[in-house]
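Shown here: work-v6.txt, compact mmCIF, C-alpha atoms.
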# COMPACT_ATOMS: atom_id res chain seq x y z
CA MET A 1 76.68 116.76 135.09
CA ASN A 2 77.53 113.04 135.03
CA ILE A 3 78.61 111.79 138.45
CA PRO A 4 80.84 108.67 138.44
CA PRO A 5 79.16 105.63 140.03
CA LEU A 6 81.79 105.35 142.77
CA THR A 7 81.33 109.02 143.67
CA LEU A 8 77.56 108.63 143.78
CA CYS A 9 77.87 105.56 146.01
CA PHE A 10 80.23 107.41 148.36
CA LEU A 11 77.86 110.37 148.59
CA ARG A 12 74.84 108.19 149.31
CA ILE A 13 76.61 106.28 152.10
CA THR A 14 77.93 109.51 153.60
CA VAL A 15 74.56 111.28 153.56
CA LEU A 16 72.72 108.30 155.03
CA PHE A 17 75.28 108.05 157.83
CA CYS A 18 75.73 111.77 158.52
CA LEU A 19 72.11 112.86 158.70
CA PRO A 20 71.28 111.05 161.95
CA VAL A 21 74.70 111.91 163.36
CA LEU A 22 74.24 115.64 162.80
CA LEU A 23 71.01 115.50 164.74
CA CYS A 24 72.62 113.98 167.81
CA GLN A 25 74.51 115.91 170.48
CA GLY A 26 77.92 114.78 171.71
CA GLU A 27 80.76 116.10 173.79
CA GLU A 28 83.91 117.53 172.28
CA PRO A 29 86.61 114.85 172.36
CA GLU A 30 89.32 115.38 174.97
CA ASP A 31 92.60 113.55 175.35
CA ARG A 32 92.77 111.61 178.62
CA PRO A 33 96.46 110.75 179.04
CA LEU A 34 97.30 107.50 180.80
CA LYS A 35 100.05 107.92 183.41
CA LEU A 36 102.42 105.05 184.06
CA GLY A 37 105.59 105.52 186.11
CA GLY A 38 105.80 109.24 185.44
CA ILE A 39 105.15 108.85 181.69
CA GLU A 40 101.97 110.15 180.08
CA PHE A 41 100.54 108.22 177.13
CA SER A 42 97.93 109.52 174.70
CA GLY A 43 97.00 109.02 171.10
CA ARG A 44 94.32 108.37 168.56
CA VAL A 45 92.97 105.80 166.12
CA ARG A 46 91.80 107.22 162.79
CA ASN A 47 90.08 105.76 159.77
CA LEU A 48 90.37 107.95 156.68
CA SER A 49 88.49 107.06 153.50
CA MET A 50 89.19 109.14 150.39
CA TYR A 51 88.07 109.42 146.79
CA ARG A 52 89.54 111.65 144.08
CA ASP A 53 88.69 112.12 140.42
CA TYR A 54 90.90 114.24 138.17
CA GLU A 55 89.36 114.63 134.72
CA GLY A 56 91.98 113.59 132.19
CA LYS A 57 94.14 111.79 134.77
CA GLY A 58 91.80 109.26 136.33
CA SER A 59 90.27 108.47 139.69
CA GLY A 60 91.19 106.53 142.79
CA ALA A 61 89.86 105.58 146.20
CA ASP A 62 91.35 104.13 149.34
CA SER A 63 90.87 103.77 153.07
CA SER A 64 93.60 103.74 155.68
CA LEU A 65 93.48 102.82 159.36
CA GLY A 66 96.12 104.47 161.50
CA ILE A 67 97.16 104.64 165.13
CA LEU A 68 99.16 107.47 166.69
CA LEU A 69 100.88 106.88 170.05
CA HIS A 70 102.38 109.80 171.96
CA ALA A 71 104.39 109.67 175.19
CA THR A 72 105.96 112.40 177.32
CA GLY A 73 107.82 112.32 180.61
CA GLU A 74 109.82 114.57 182.91
CA LEU A 75 113.57 113.98 183.17
CA GLY A 76 114.41 116.48 185.89
CA LYS A 77 113.92 120.10 186.83
CA GLY A 78 112.96 121.89 183.62
CA TRP A 79 113.73 118.87 181.42
CA ASP A 80 111.28 116.61 179.61
CA ALA A 81 111.24 114.31 176.60
CA GLY A 82 108.65 112.89 174.27
CA GLY A 83 108.00 110.84 171.19
CA THR A 84 105.27 109.94 168.71
CA TYR A 85 105.01 106.75 166.70
CA ILE A 86 102.49 106.42 163.87
CA TYR A 87 101.42 103.30 162.01
CA ALA A 88 98.91 103.32 159.16
CA GLU A 89 97.76 100.45 156.97
CA ASP A 90 95.81 100.36 153.71
CA ILE A 91 92.57 98.48 154.25
CA TYR A 92 91.06 99.28 150.84
CA THR A 93 92.47 100.54 147.53
CA HIS A 94 90.84 101.14 144.16
CA ASN A 95 92.18 102.30 140.79
CA GLN A 96 94.84 105.06 141.01
CA TYR A 97 94.87 105.36 144.79
CA GLU A 98 98.39 106.85 144.65
CA LEU A 99 96.69 110.12 143.65
CA LEU A 100 95.48 110.49 147.24
CA GLY A 101 98.73 110.54 149.26
CA ASN A 102 97.05 108.32 151.87
CA ASN A 103 99.03 105.08 151.63
CA GLY A 104 100.20 103.02 154.59
CA PHE A 105 103.43 103.75 156.48
CA ASN A 106 105.12 103.47 159.87
CA LEU A 107 107.27 106.22 161.30
CA LEU A 108 108.80 107.62 164.46
CA ASN A 109 107.43 111.09 163.77
CA GLU A 110 108.66 112.69 167.01
CA ALA A 111 111.55 111.99 169.38
CA TRP A 112 112.63 115.09 171.25
CA ILE A 113 114.24 116.36 174.41
CA ARG A 114 113.37 119.80 175.75
CA TYR A 115 114.46 122.26 178.42
CA GLY A 116 112.29 125.11 179.64
CA ALA A 117 112.90 127.83 182.21
CA GLY A 118 109.59 129.55 182.86
CA GLU A 119 107.78 131.14 179.92
CA GLU A 120 110.76 133.07 178.54
CA LEU A 121 113.18 130.29 177.55
CA MET A 122 112.71 126.95 175.81
CA VAL A 123 115.08 124.82 173.75
CA GLU A 124 114.31 121.49 172.09
CA ALA A 125 116.16 119.08 169.81
CA GLY A 126 115.33 115.95 167.84
CA ARG A 127 112.20 115.25 165.83
CA PHE A 128 109.27 117.51 166.72
CA VAL A 129 106.20 119.25 165.35
CA TYR A 130 106.65 123.01 164.91
CA ASN A 131 103.63 125.13 164.00
CA ALA A 132 104.26 128.81 163.33
CA GLU A 133 105.19 130.86 160.23
CA VAL A 134 107.89 128.90 158.37
CA PHE A 135 106.64 125.38 159.19
CA ARG A 136 103.00 124.36 159.64
CA ARG A 137 101.53 121.28 161.32
CA ASN A 138 98.90 120.41 158.66
CA ASP A 139 97.55 117.27 160.33
CA SER A 140 95.05 116.59 157.54
CA ARG A 141 95.56 112.86 156.96
CA GLN A 142 97.21 110.37 159.32
CA LYS A 143 100.08 112.46 160.64
CA PRO A 144 101.23 116.04 161.25
CA ARG A 145 104.23 117.53 159.48
CA ALA A 146 107.41 117.21 161.60
CA ILE A 147 111.00 118.44 161.34
CA GLU A 148 114.30 117.05 162.59
CA GLY A 149 116.54 119.72 164.08
CA VAL A 150 116.94 122.18 166.95
CA HIS A 151 114.71 125.04 168.13
CA LEU A 152 115.26 127.85 170.64
CA LYS A 153 112.52 130.16 171.89
CA TRP A 154 113.44 133.22 173.97
CA LYS A 155 111.27 136.27 174.77
CA GLY A 156 109.12 136.08 171.63
CA VAL A 157 111.96 135.13 169.27
CA ASP A 158 112.14 131.66 167.68
CA VAL A 159 115.41 130.49 166.15
CA GLY A 160 116.04 127.06 164.72
CA HIS A 161 117.58 124.79 162.12
CA ALA A 162 115.88 121.84 160.44
CA PHE A 163 118.06 119.19 158.85
CA GLN A 164 115.18 117.17 157.39
CA MET A 165 111.39 117.21 157.23
CA SER A 166 108.57 114.68 157.11
CA ASN A 167 105.54 115.88 155.13
CA TYR A 168 101.91 115.38 156.13
CA LEU A 169 101.40 113.61 152.79
CA GLN A 170 102.01 109.85 152.63
CA LYS A 171 102.67 109.69 148.90
CA GLY A 172 105.80 108.00 147.57
CA ASP A 173 108.68 108.55 149.98
CA MET A 174 107.07 111.56 151.69
CA TRP A 175 106.42 109.45 154.77
CA GLU A 176 110.18 109.55 155.41
CA PHE A 177 112.25 112.41 156.77
CA ASN A 178 113.62 113.99 153.59
CA ASP A 179 116.43 116.39 152.77
CA PHE A 180 115.14 119.78 151.68
CA ASP A 181 116.30 119.45 148.08
CA GLU A 182 113.78 116.59 147.93
CA VAL A 183 111.14 118.64 149.76
CA PHE A 184 111.45 121.54 147.31
CA HIS A 185 112.14 119.31 144.27
CA VAL A 186 115.30 121.14 143.23
CA ASP A 187 118.72 119.97 142.10
CA ALA A 188 120.85 121.04 145.06
CA ASP A 189 122.73 119.61 148.04
CA SER A 190 121.09 121.48 150.91
CA VAL A 191 122.10 121.10 154.56
CA GLY A 192 118.66 122.21 155.73
CA VAL A 193 116.60 125.27 156.64
CA SER A 194 117.66 127.85 159.24
CA TRP A 195 114.94 130.19 160.43
CA VAL A 196 114.15 133.04 162.80
CA GLU A 197 110.72 134.37 163.73
CA TRP A 198 110.29 137.52 165.78
CA HIS A 199 107.02 138.64 167.32
CA LEU A 200 107.50 142.41 167.34
CA VAL A 201 104.05 142.96 168.81
CA LYS A 202 101.72 140.36 170.27
CA GLY A 203 98.64 141.92 171.76
CA ASP A 204 94.87 142.18 171.54
CA GLU A 205 94.89 144.96 168.94
CA LEU A 206 98.04 144.21 166.94
CA ASP A 207 99.82 140.93 166.19
CA TRP A 208 102.94 141.50 164.08
CA VAL A 209 105.56 138.88 163.26
CA ILE A 210 108.49 139.00 160.83
CA PHE A 211 110.44 135.92 159.78
CA ASP A 212 113.34 134.77 157.66
CA ALA A 213 114.16 131.24 156.52
CA LEU A 214 117.25 130.22 154.59
CA ALA A 215 117.02 126.94 152.72
CA TRP A 216 120.76 126.53 152.23
CA ASP A 217 121.86 126.44 148.55
CA ILE A 218 118.20 126.82 147.48
CA THR A 219 116.40 130.02 148.49
CA ASN A 220 115.84 132.60 151.21
CA LEU A 221 112.35 133.48 152.45
CA LEU A 222 111.70 136.88 154.04
CA GLY A 223 108.18 137.55 155.23
CA THR A 224 105.81 139.26 157.58
CA ARG A 225 102.25 138.75 158.79
CA MET A 226 100.41 141.57 160.53
CA THR A 227 96.91 141.47 162.03
CA TRP A 228 95.05 144.58 163.18
CA SER A 229 92.00 143.92 165.38
CA PHE A 230 89.60 146.85 165.14
CA SER A 231 87.06 145.25 167.45
CA ASP A 232 86.05 141.86 168.84
CA SER A 233 84.31 141.12 165.53
CA GLN A 234 86.59 142.67 162.91
CA ALA A 235 90.26 142.31 161.97
CA LEU A 236 92.50 142.74 158.94
CA THR A 237 95.55 140.58 158.16
CA ALA A 238 98.30 141.54 155.68
CA TYR A 239 100.85 139.10 154.26
CA VAL A 240 104.17 139.63 152.47
CA ARG A 241 106.50 136.78 151.48
CA ILE A 242 109.59 137.27 149.29
CA GLU A 243 111.74 134.35 148.08
CA THR A 244 115.20 134.98 146.65
CA GLY A 245 117.27 132.18 145.15
CA VAL A 246 120.77 131.44 146.42
CA GLU A 247 123.72 129.33 145.24
CA ALA A 248 122.55 126.50 142.94
CA ASP A 249 119.10 128.08 142.48
CA ASP A 250 120.13 131.75 142.39
CA ASP A 251 117.81 132.55 139.48
CA HIS A 252 114.73 131.82 141.60
CA GLY A 253 112.63 134.80 142.60
CA SER A 254 109.06 135.08 143.88
CA GLU A 255 106.96 137.67 145.68
CA SER A 256 103.55 137.12 147.24
CA TYR A 257 101.17 139.59 148.86
CA GLY A 258 97.78 139.20 150.47
CA LEU A 259 95.00 140.72 152.55
CA THR A 260 92.31 138.94 154.57
CA LEU A 261 89.38 140.57 156.33
CA ASN A 262 87.90 138.75 159.35
CA GLN A 263 84.33 139.89 159.89
CA LYS A 264 82.11 138.17 162.44
CA VAL A 265 78.35 138.53 162.12
CA GLY A 266 76.56 136.80 164.97
CA SER A 267 78.00 133.28 165.13
CA VAL A 268 79.26 133.34 161.52
CA MET A 269 82.82 134.34 160.58
CA PHE A 270 83.41 135.71 157.06
CA GLU A 271 86.97 135.83 155.72
CA PRO A 272 87.22 137.37 152.23
CA GLY A 273 90.67 138.02 150.84
CA VAL A 274 93.09 138.38 147.96
CA PHE A 275 96.42 136.62 147.37
CA VAL A 276 98.86 137.50 144.57
CA VAL A 277 102.06 135.68 143.51
CA GLU A 278 104.56 137.34 141.17
CA GLY A 279 107.63 135.75 139.59
CA ASP A 280 108.31 132.04 140.07
CA ASN A 281 106.22 129.43 141.87
CA LEU A 282 106.51 129.57 145.65
CA LEU A 283 108.80 126.99 147.24
CA PHE A 284 107.59 127.57 150.81
CA LYS A 285 103.93 126.65 150.31
CA GLN A 286 101.14 124.32 151.40
CA SER A 287 102.51 121.10 149.89
CA THR A 288 106.11 121.58 151.14
CA THR A 289 106.70 123.35 154.47
CA GLY A 290 103.18 124.71 154.83
CA ILE A 291 102.09 128.34 154.75
CA HIS A 292 100.35 130.35 157.49
CA HIS A 293 97.46 131.48 155.32
CA THR A 294 93.77 130.77 154.82
CA LEU A 295 94.52 129.03 151.50
CA GLU A 296 96.52 126.29 153.23
CA GLN A 297 93.13 124.75 154.08
CA CYS A 298 92.11 124.04 150.45
CA LEU A 299 91.72 120.33 149.70
CA LEU A 300 92.65 120.13 146.02
CA THR A 301 94.67 123.33 145.41
CA TYR A 302 93.17 122.91 141.93
CA THR A 303 93.49 126.62 141.16
CA ASN A 304 97.28 126.55 141.81
CA PRO A 305 97.13 129.69 144.02
CA PHE A 306 100.83 129.40 144.97
CA ASP A 307 102.12 129.47 141.37
CA GLY A 308 103.87 132.48 139.89
CA GLY A 309 101.61 134.85 137.97
CA SER A 310 98.46 133.84 139.86
CA ASP A 311 95.88 136.26 141.27
CA SER A 312 93.40 134.71 143.72
CA LEU A 313 90.21 135.86 145.38
CA TYR A 314 88.76 133.73 148.16
CA LEU A 315 86.06 133.60 150.79
CA LYS A 316 85.98 131.42 153.89
CA VAL A 317 82.80 131.13 155.95
CA SER A 318 82.72 129.22 159.23
CA THR A 319 80.24 128.74 162.05
CA ALA A 320 79.08 126.27 164.67
CA VAL A 321 75.58 124.92 165.27
CA ALA A 322 75.54 123.34 168.73
CA GLN A 323 78.50 120.90 168.59
CA THR A 324 78.56 120.78 164.77
CA LYS A 325 81.28 122.85 163.08
CA LEU A 326 80.69 123.96 159.49
CA SER A 327 83.17 125.55 157.08
CA PHE A 328 83.14 126.71 153.46
CA LEU A 329 86.07 127.91 151.35
CA GLY A 330 85.67 129.27 147.84
CA ILE A 331 88.62 130.25 145.60
CA TYR A 332 88.83 131.90 142.19
CA THR A 333 92.27 132.18 140.56
CA HIS A 334 93.42 133.75 137.31
CA GLN A 335 96.49 131.92 136.00
CA GLY A 336 98.10 134.18 133.42
CA PRO A 337 101.20 132.10 132.49
CA GLU A 338 99.29 128.80 132.44
CA GLY A 339 96.43 130.19 130.40
CA PHE A 340 93.42 129.28 132.50
CA ASP A 341 91.00 130.57 135.12
CA ALA A 342 90.08 128.18 137.90
CA GLY A 343 87.75 127.81 140.83
CA GLU A 344 87.50 125.53 143.84
CA VAL A 345 84.94 125.12 146.61
CA ASP A 346 85.54 123.10 149.78
CA PHE A 347 83.02 122.09 152.44
CA ILE A 348 83.84 120.69 155.90
CA VAL A 349 81.52 119.27 158.55
CA LYS A 350 82.89 118.19 161.95
CA GLN A 351 80.73 116.47 164.54
CA PRO A 352 81.55 114.79 167.86
CA LEU A 353 79.64 111.52 168.15
CA VAL A 354 80.23 110.24 171.67
CA ASP A 355 82.99 110.85 174.21
CA ASP A 356 86.39 110.85 172.45
CA LEU A 357 84.95 109.86 169.04
CA ASP A 358 84.36 112.39 166.27
CA LEU A 359 83.47 112.43 162.60
CA ALA A 360 84.54 114.81 159.85
CA PHE A 361 83.35 114.94 156.28
CA LYS A 362 85.23 117.04 153.73
CA CYS A 363 84.49 117.53 150.05
CA GLY A 364 86.10 119.67 147.38
CA PHE A 365 85.22 120.46 143.77
CA GLY A 366 87.49 122.19 141.25
CA TYR A 367 87.10 123.60 137.74
CA ARG A 368 89.64 124.86 135.18
CA ASP A 369 88.64 126.99 132.21
CA PHE A 370 91.47 126.81 129.65
CA GLU A 371 91.97 129.31 126.83
CA ASP A 372 93.29 126.81 124.27
CA ALA A 373 92.28 123.41 125.64
CA ALA A 374 89.30 121.51 126.98
CA ASN A 375 88.05 122.47 130.43
CA THR A 376 88.60 120.03 133.29
CA THR A 377 87.07 119.25 136.69
CA ALA A 378 88.22 117.54 139.89
CA THR A 379 86.51 116.03 142.92
CA ASP A 380 87.84 115.23 146.41
CA LEU A 381 85.84 113.40 149.10
CA ARG A 382 87.12 112.48 152.57
CA LEU A 383 85.48 110.79 155.55
CA PHE A 384 87.25 110.69 158.95
CA PHE A 385 86.47 108.71 162.08
CA THR A 386 88.85 109.61 164.91
CA TYR A 387 88.97 108.11 168.40
CA HIS A 388 91.11 109.97 170.96
CA PHE A 389 92.56 108.33 174.05
Just dump the structure as structure tokens.
Amino acid sequence: MNIPPLTLCFLRITVLFCLPVLLCQGEEPEDRPLKLGGIEFSGRVRNLSMYRDYEGKGSGADSSLGILLHATGELGKGWDAGGTYIYAEDIYTHNQYELLGNNGFNLLNEAWIRYGAGEELMVEAGRFVYNAEVFRRNDSRQKPRAIEGVHLKWKGVDVGHAFQMSNYLQKGDMWEFNDFDEVFHVDADSVGVSWVEWHLVKGDELDWVIFDALAWDITNLLGTRMTWSFSDSQALTAYVRIETGVEADDDHGSESYGLTLNQKVGSVMFEPGVFVVEGDNLLFKQSTTGIHHTLEQCLLTYTNPFDGGSDSLYLKVSTAVAQTKLSFLGIYTHQGPEGFDAGEVDFIVKQPLVDDLDLAFKCGFGYRDFEDAANTTATDLRLFFTYHF
């Protein structure tokens, strides 16, 4: 296999740097908020260097330096407010760096006000990060995904409406808060997404949640995720997600089903599973709103596991050696309508260096075996340095 010179250079630098780092012991980074006049400040500085090579499309590399500033403060009994500002700047670009979705930007990602009465009632409004079934945080570059709207939580039930959303990607205009017709890439005039999530059971042996999300004039998502824990080392998770088109996109229809087994052997967690999509491509998926599924962690999504007509098998393996966290994800997908079989493997190494400073190295490799065309490959390399304060 011929490795491009830039890829080889990146790998050499990474290996030379990481080997001594992986031998050292550090403490897990912890945020240490600074308190000034009743306001708590925290944040991070992150350098992210990326390289991608899509056979047939080209390659690109870049490096961005970003700072995230977060502030929260109490307003009165039960009331608080907060905000997050993020600024990232390109410090290096090469070739088709727009392939990476890692360009510079500046954005008020959060600006919310919240009221809480004990653990049973909470309501918030503004721009905020919501991480559950319908929307996922996905903080895999310089910023987490955020929504602009309102959210009510009461006795295990979450109800909300999002007017706009800001994606975790920084490609094109995705650093802005976008209307959902832009998020889903459809020709509609949507007023946003209304959702409800209900935890029917939330316990040690059974965790069962059902949810519904209506993207107005686009589609309705009805789903459930159920996890049975047979023991401290074994669990089984079932997924069902059904999308039905409405109004302008009423011909849309998609069904997805999946099973994941969590089996712990010593300090190693094995997560084999299957994921099937029937009908059209999913709209609620990793690259749009996020999806609460093991496959949301893939780097390239080169097998297109969220496309209609796809059948995927996957295996995730994770463990920790001292302070070093290691993870592997392998995916095989049969794409009937697109006429190819594909595979992807992703490796992740996370290592704290010194107090509040950590390193992460991620690499992904993809392969597509076409029936009537030449086979293609893809490579993704990422190196993170993150300082928390």
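CA of Leu300 (chain A) sits 22.2 Å away from CA of Ala88 (chain A).
Proximity ranking of A:Asp207, A:Asp139, A:Asp356, A:Asp369 relative to Gln297 (chain A) places A:Asp139 first, based on all atoms listed in the file.
CA of Tyr314 (chain A) lies 27.2 Å from CA of Leu48 (chain A).
For Tyr130 (chain A), the set of protein, DNA and RNA residues having any atom at most 9 Å away, when counting all atoms listed in the file and skipping those fewer than 4 positions along the same chain, is A:Val134, A:Phe135, A:Arg136, A:Arg137, A:Arg145, A:Ala146, A:Ile147, A:His151.
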Can you pull out the residues contacting Leu36 (chain A)? Cut-off 12 Å, using only C-alpha atoms, and skip same-chain residues under 6 positions away; I want them as a PDB file with C-alpha atoms, in the coordinates of the input.
ATOM      1  CA  SER A  42      97.930 109.520 174.700  1.00  0.00           C
ATOM      2  CA  ALA A  71     104.390 109.670 175.190  1.00  0.00           C
ATOM      3  CA  THR A  72     105.960 112.400 177.320  1.00  0.00           C
ATOM      4  CA  GLY A  73     107.820 112.320 180.610  1.00  0.00           C
TER       5      GLY A  73
END
- Task: Would you mind listing what lies within 6 Å of Ser194 (chain A) as an MDAnalysis selection string, with all atoms listed in the file counted and same-chain residues fewer than 3 positions away left out?
- Result: chainID A and resid 160:161 213:214
Taking a cut-off of 10 Å and counting all atoms listed in the file, can you build a table that, for each residue of region 273-301 of chain A near region 253-257 of chain A, reports the nearest atom pair and how far apart they are in Å (one decimal), sorted by chain then residue number, as a Markdown table?
| residue | atom | partner | partner_atom | distance |
| --- | --- | --- | --- | --- |
| A:Val274 | CA | A:Tyr257 | CA | 8.2 |
| A:Phe275 | CA | A:Tyr257 | CA | 5.8 |
| A:Val276 | CA | A:Tyr257 | CA | 5.3 |
| A:Val277 | CA | A:Ser256 | CA | 4.3 |
| A:Glu278 | CA | A:Glu255 | CA | 5.1 |
| A:Gly279 | CA | A:Ser254 | CA | 4.6 |
| A:Asp280 | CA | A:Ser254 | CA | 4.9 |
| A:Asn281 | CA | A:Ser254 | CA | 6.6 |
| A:Leu282 | CA | A:Ser254 | CA | 6.3 |
| A:Leu283 | CA | A:Ser254 | CA | 8.8 |
- Task: Have a look at CA of His293 (chain A) and CA of Asp204 (chain A) and let me know their distance in Å, one decimal.
- Result: 19.6 Å
Using only C-alpha atoms, what does the table of region 256-368 of chain A residues within 10 Å of region 52-59 of chain A look like, with each row giving the shortest atom pair and its distance in Å to one decimal, sorted by chain and ascending number, as JSON lines?
{"residue": "A:Leu300", "atom": "CA", "partner": "A:Arg52", "partner_atom": "CA", "distance": 9.2}
{"residue": "A:Tyr302", "atom": "CA", "partner": "A:Tyr54", "partner_atom": "CA", "distance": 9.7}
{"residue": "A:Cys363", "atom": "CA", "partner": "A:Arg52", "partner_atom": "CA", "distance": 9.8}
{"residue": "A:Gly364", "atom": "CA", "partner": "A:Arg52", "partner_atom": "CA", "distance": 9.3}
{"residue": "A:Phe365", "atom": "CA", "partner": "A:Asp53", "partner_atom": "CA", "distance": 9.6}
{"residue": "A:Gly366", "atom": "CA", "partner": "A:Tyr54", "partner_atom": "CA", "distance": 9.2}
{"residue": "A:Tyr367", "atom": "CA", "partner": "A:Glu55", "partner_atom": "CA", "distance": 9.7}
- Item | Non-local contacts of Val45 (chain A) (6 Å; all atoms listed in the file; under 3 positions in same chain excluded) as an NGL selection string | :A and (66-67 or 386-387)
- Message: Measuring between only C-alpha atoms, which one of A:Gly258, A:Thr237, A:Lys153, A:Val354 shows the shortest distance to Val123 (chain A)?
- Response: A:Lys153
Within-9 Å shell of (107.3, 129.2, 150.5) in input frame, all atoms listed in the file, as a PDB file with C-alpha atoms, in the frame of the given file:
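Resulting contents of part.pdb:
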ATOM      1  CA  VAL A 134     107.890 128.900 158.370  1.00  0.00           C
ATOM      2  CA  LEU A 221     112.350 133.480 152.450  1.00  0.00           C
ATOM      3  CA  ARG A 241     106.500 136.780 151.480  1.00  0.00           C
ATOM      4  CA  ILE A 242     109.590 137.270 149.290  1.00  0.00           C
ATOM      5  CA  GLU A 243     111.740 134.350 148.080  1.00  0.00           C
ATOM      6  CA  ASN A 281     106.220 129.430 141.870  1.00  0.00           C
ATOM      7  CA  LEU A 282     106.510 129.570 145.650  1.00  0.00           C
ATOM      8  CA  LEU A 283     108.800 126.990 147.240  1.00  0.00           C
ATOM      9  CA  PHE A 284     107.590 127.570 150.810  1.00  0.00           C
ATOM     10  CA  LYS A 285     103.930 126.650 150.310  1.00  0.00           C
ATOM     11  CA  GLN A 286     101.140 124.320 151.400  1.00  0.00           C
ATOM     12  CA  THR A 288     106.110 121.580 151.140  1.00  0.00           C
ATOM     13  CA  THR A 289     106.700 123.350 154.470  1.00  0.00           C
ATOM     14  CA  GLY A 290     103.180 124.710 154.830  1.00  0.00           C
ATOM     15  CA  ILE A 291     102.090 128.340 154.750  1.00  0.00           C
ATOM     16  CA  PHE A 306     100.830 129.400 144.970  1.00  0.00           C
TER      17      PHE A 306
END
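For the choices A:Glu197, A:Met174, A:Phe389, A:Lys143, the atom-to-atom distance to Arg44 (chain A) is smallest for A:Phe389 when using all atoms listed in the file.
With all atoms listed in the file as the basis for measurement, A:Ala132 is the residue among A:Ile331, A:Leu236, A:Leu222, A:Ala132 that approaches His292 (chain A) most closely.
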- Message: I want to know what sits within 10 Å of Gly82 (chain A), based on all atoms listed in the file, with residues of the same chain fewer than 4 positions away left out; could you give that as number ranges by chain?
- Response: A: 39-41, 70-74, 110-114, 126-128
- Message: List as a PyMOL selection string the residues having at least one atom at most 10 Å from position (106.0, 107.8, 151.4) as given in the file, counting all atoms listed in the file.
- Response: chain A and resi 101-106+166-177
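Across A:His388, A:Val186, A:Gly330, A:Asp346, the tightest approach to Asp358 (chain A) is made by A:His388 when counting only C-alpha atoms.
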